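What follows is a single structure, written as structure tokens, with notes after it.
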Amino acid sequence: MQSEYEIISHNNANFHIFVVNLLYRTPHLHKDYEIGLILDGEVSLINPELCLKLRKGDIFVMNPFFSHELKAENPTLILSLQVSQALFAPYYPQIEQTEFDDTLLTCAKEPERCGEAIRLLFDIAFTYYRQEPYHTLKCASFINRLFTCLLSSLSHHLVSDKEQQSIQAKGRRIRRILQYIEEHYTEKILLADIARQEDLDLYYLSHFFKDSFGTTFQEYIMKLRCEKARQFLLLTDYSLLDISLSCGFSDAKYFNKGFLAQYGYTPREYRSNFQHSRLEQQQKSMLTTQEFLSDAASLVTLEKYLAQTSVNR
């Protein structure tokens, strides 16, 4: 079982691109901009302020240090680009204070701009995965063109130095909280534990958590434990009792109630429905929370996708 907590390390060029087959991603954030292209499937992008339904061909843009959650009914394929503000800072310093107001670019509303952004994302990906001569320089060039396109297409504004510092401090706090939860969700975990760690008033932290994630602390823990349990149900032969204990549920009754509320089925029903489906054994890996494709697999997938679409490069 792989950890769901995502830590993406950049190469020296301050960007990282990857293809991920995703079913669910708990609320999380990055210190960089994230631009995602939905290659196949549908996914909901959820943050404390809104819920967007993304479909094939849509592009989403997430600001640094902003919490967001991704949830799909079926595995959804996403081409994702994470870019550090440091890439642009020497010649476009205002990027460090640029915040996008719009987070969605669709071909239905902006066909030309969206098409251009898709082509540039493919240019970046193919150059990166094929390791073409001077590929790092070429990728940086394409990324600059992509951000020019996004800034020309999406509403944005500049935040003050004080606001920027506040956003970054909040982001660092959220990351510490998420890391603590990831390390302790199998145990009895209380918001008071985190309040002590962060040296915060419990009442303040409760509101901070709800404002940051759009859900209460207990709801978040339940959602995380149920998602971990769902993976065990589909990918192992562990008993329901063992799964319940492994995922931090105090008893089987609590496990059943929480899982039913989250997925509309009891754990036993969910496993049974899956076992009686016609899904091939080798496709079970697709039902993990998220599966990052290798560079070689990403290249093959993108070439196949490109051949099936009208995107011209």
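In the structure tokens, each chain is lettered A, B, ... as it comes, each chain's residues begin at 1, and ligands are numbered from 1 in order of appearance.
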
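Summary of the local environment: counting only C-alpha atoms, residues at most 9 Å from Phe122 (chain A), other than itself and those fewer than 2 positions away along its chain, are Leu79, Ala117, Ile118, Arg119, Leu120, Ile124, Ala125, Phe126, Thr127, Leu302, Leu306 and Arg313 of chain A.
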
### Task
List every residue of region 34-251 of chain A that DSSP, applied to the backbone, labels as strand (DSSP E), and write the result as an MDAnalysis selection string.
chainID A and resid 34:40 43:47 50:54 59:62 68:83 98:100 104:105 156:158

Using C-alpha atoms, can you write the selected residues to a file as a compact mmCIF listing (two decimals), in the first residue's frame?
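The resulting out-v2.txt:
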# COMPACT_ATOMS: atom_id res chain seq x y z
CA GLU A 34 -0.36 23.13 -10.60
CA ILE A 35 -1.87 22.91 -14.09
CA GLY A 36 -3.84 19.75 -14.85
CA LEU A 37 -5.29 18.52 -18.14
CA ILE A 38 -8.02 15.88 -17.96
CA LEU A 39 -6.97 13.28 -20.52
CA ASP A 40 -9.78 10.83 -19.89
CA VAL A 43 -13.28 14.35 -11.80
CA SER A 44 -14.57 16.84 -9.24
CA LEU A 45 -12.15 19.53 -8.07
CA ILE A 46 -13.19 20.56 -4.58
CA ASN A 47 -11.90 23.37 -2.40
CA LEU A 50 -16.39 25.67 -4.78
CA CYS A 51 -16.78 22.31 -6.49
CA LEU A 52 -15.98 22.09 -10.21
CA LYS A 53 -16.87 19.14 -12.43
CA LEU A 54 -13.99 18.59 -14.84
CA ILE A 59 -7.69 22.38 -17.75
CA PHE A 60 -7.53 23.41 -14.10
CA VAL A 61 -5.07 25.82 -12.49
CA MET A 62 -4.31 25.75 -8.77
CA HIS A 68 -7.88 21.25 -3.02
CA GLU A 69 -9.37 17.77 -3.30
CA LEU A 70 -9.91 15.54 -6.35
CA LYS A 71 -12.66 12.92 -6.47
CA ALA A 72 -13.77 10.68 -9.36
CA GLU A 73 -16.38 7.95 -9.69
CA ASN A 74 -14.05 6.01 -12.00
CA PRO A 75 -10.28 6.26 -12.56
CA THR A 76 -9.47 9.53 -14.32
CA LEU A 77 -6.28 10.16 -16.28
CA ILE A 78 -4.63 13.53 -15.68
CA LEU A 79 -1.55 15.18 -17.18
CA SER A 80 -0.21 17.41 -14.42
CA LEU A 81 2.43 20.13 -14.51
CA GLN A 82 3.80 21.67 -11.32
CA VAL A 83 5.84 24.84 -11.74
CA THR A 98 0.16 36.50 -8.83
CA GLU A 99 -2.99 34.65 -7.84
CA PHE A 100 -5.48 33.27 -10.36
CA LEU A 104 -10.84 26.42 -15.01
CA LEU A 105 -10.14 26.74 -18.74
CA HIS A 156 -5.93 37.09 -11.84
CA HIS A 157 -4.66 39.70 -9.41
CA LEU A 158 -1.58 40.60 -7.38

### Message
Quick one: residues within 10 Å of Gln85 (chain A), only C-alpha atoms, excluding same-chain residues fewer than 6 positions away - as number ranges by chain?
### Response
A: 14-15, 31-33, 64, 92-98

### Query
Closest to Ser155 (chain A) among A:Glu187, A:Ile181, A:Arg173, A:Asp101, using only C-alpha atoms?
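Nearest candidate to Ser155 (chain A) out of A:Glu187, A:Ile181, A:Arg173, A:Asp101: A:Asp101.
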
### Query
Can you list, as a PyMOL selection string, every protein, DNA or RNA residue that comes within 12 Å of His184 (chain A) when you count only C-alpha atoms, leaving out same-chain residues fewer than 2 positions away?
chain A and resi 177-182+186-191+193-194+221+224-225+246-248

Produce a file of the selected residues containing C-alpha atoms, as a short mmCIF file (atom, residue, chain, number, x, y, z; two decimals), in the first residue's frame.
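Below is the file that was written, out-v9.cif:
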data_model
loop_
_atom_site.label_atom_id
_atom_site.label_comp_id
_atom_site.auth_asym_id
_atom_site.auth_seq_id
_atom_site.Cartn_x
_atom_site.Cartn_y
_atom_site.Cartn_z
CA ILE A 177 -1.32 19.24 9.93
CA LEU A 178 -1.75 16.94 6.92
CA GLN A 179 1.55 15.23 7.60
CA TYR A 180 0.60 14.66 11.25
CA ILE A 181 -2.76 13.18 10.22
CA GLU A 182 -1.14 10.91 7.62
CA THR A 186 -4.47 4.64 12.27
CA GLU A 187 -4.43 5.67 15.94
CA LYS A 188 -6.89 7.49 18.14
CA ILE A 189 -6.32 11.03 16.89
CA LEU A 190 -7.85 14.21 18.29
CA LEU A 191 -7.83 17.79 17.10
CA ASP A 193 -3.33 16.69 19.69
CA ILE A 194 -2.69 18.96 16.72
CA ILE A 221 -10.53 11.77 9.36
CA LEU A 224 -9.41 9.46 4.92
CA ARG A 225 -9.94 6.23 6.88
CA SER A 246 -5.67 -1.16 10.31
CA CYS A 247 -7.44 2.04 9.25
CA GLY A 248 -8.01 3.41 12.75
#
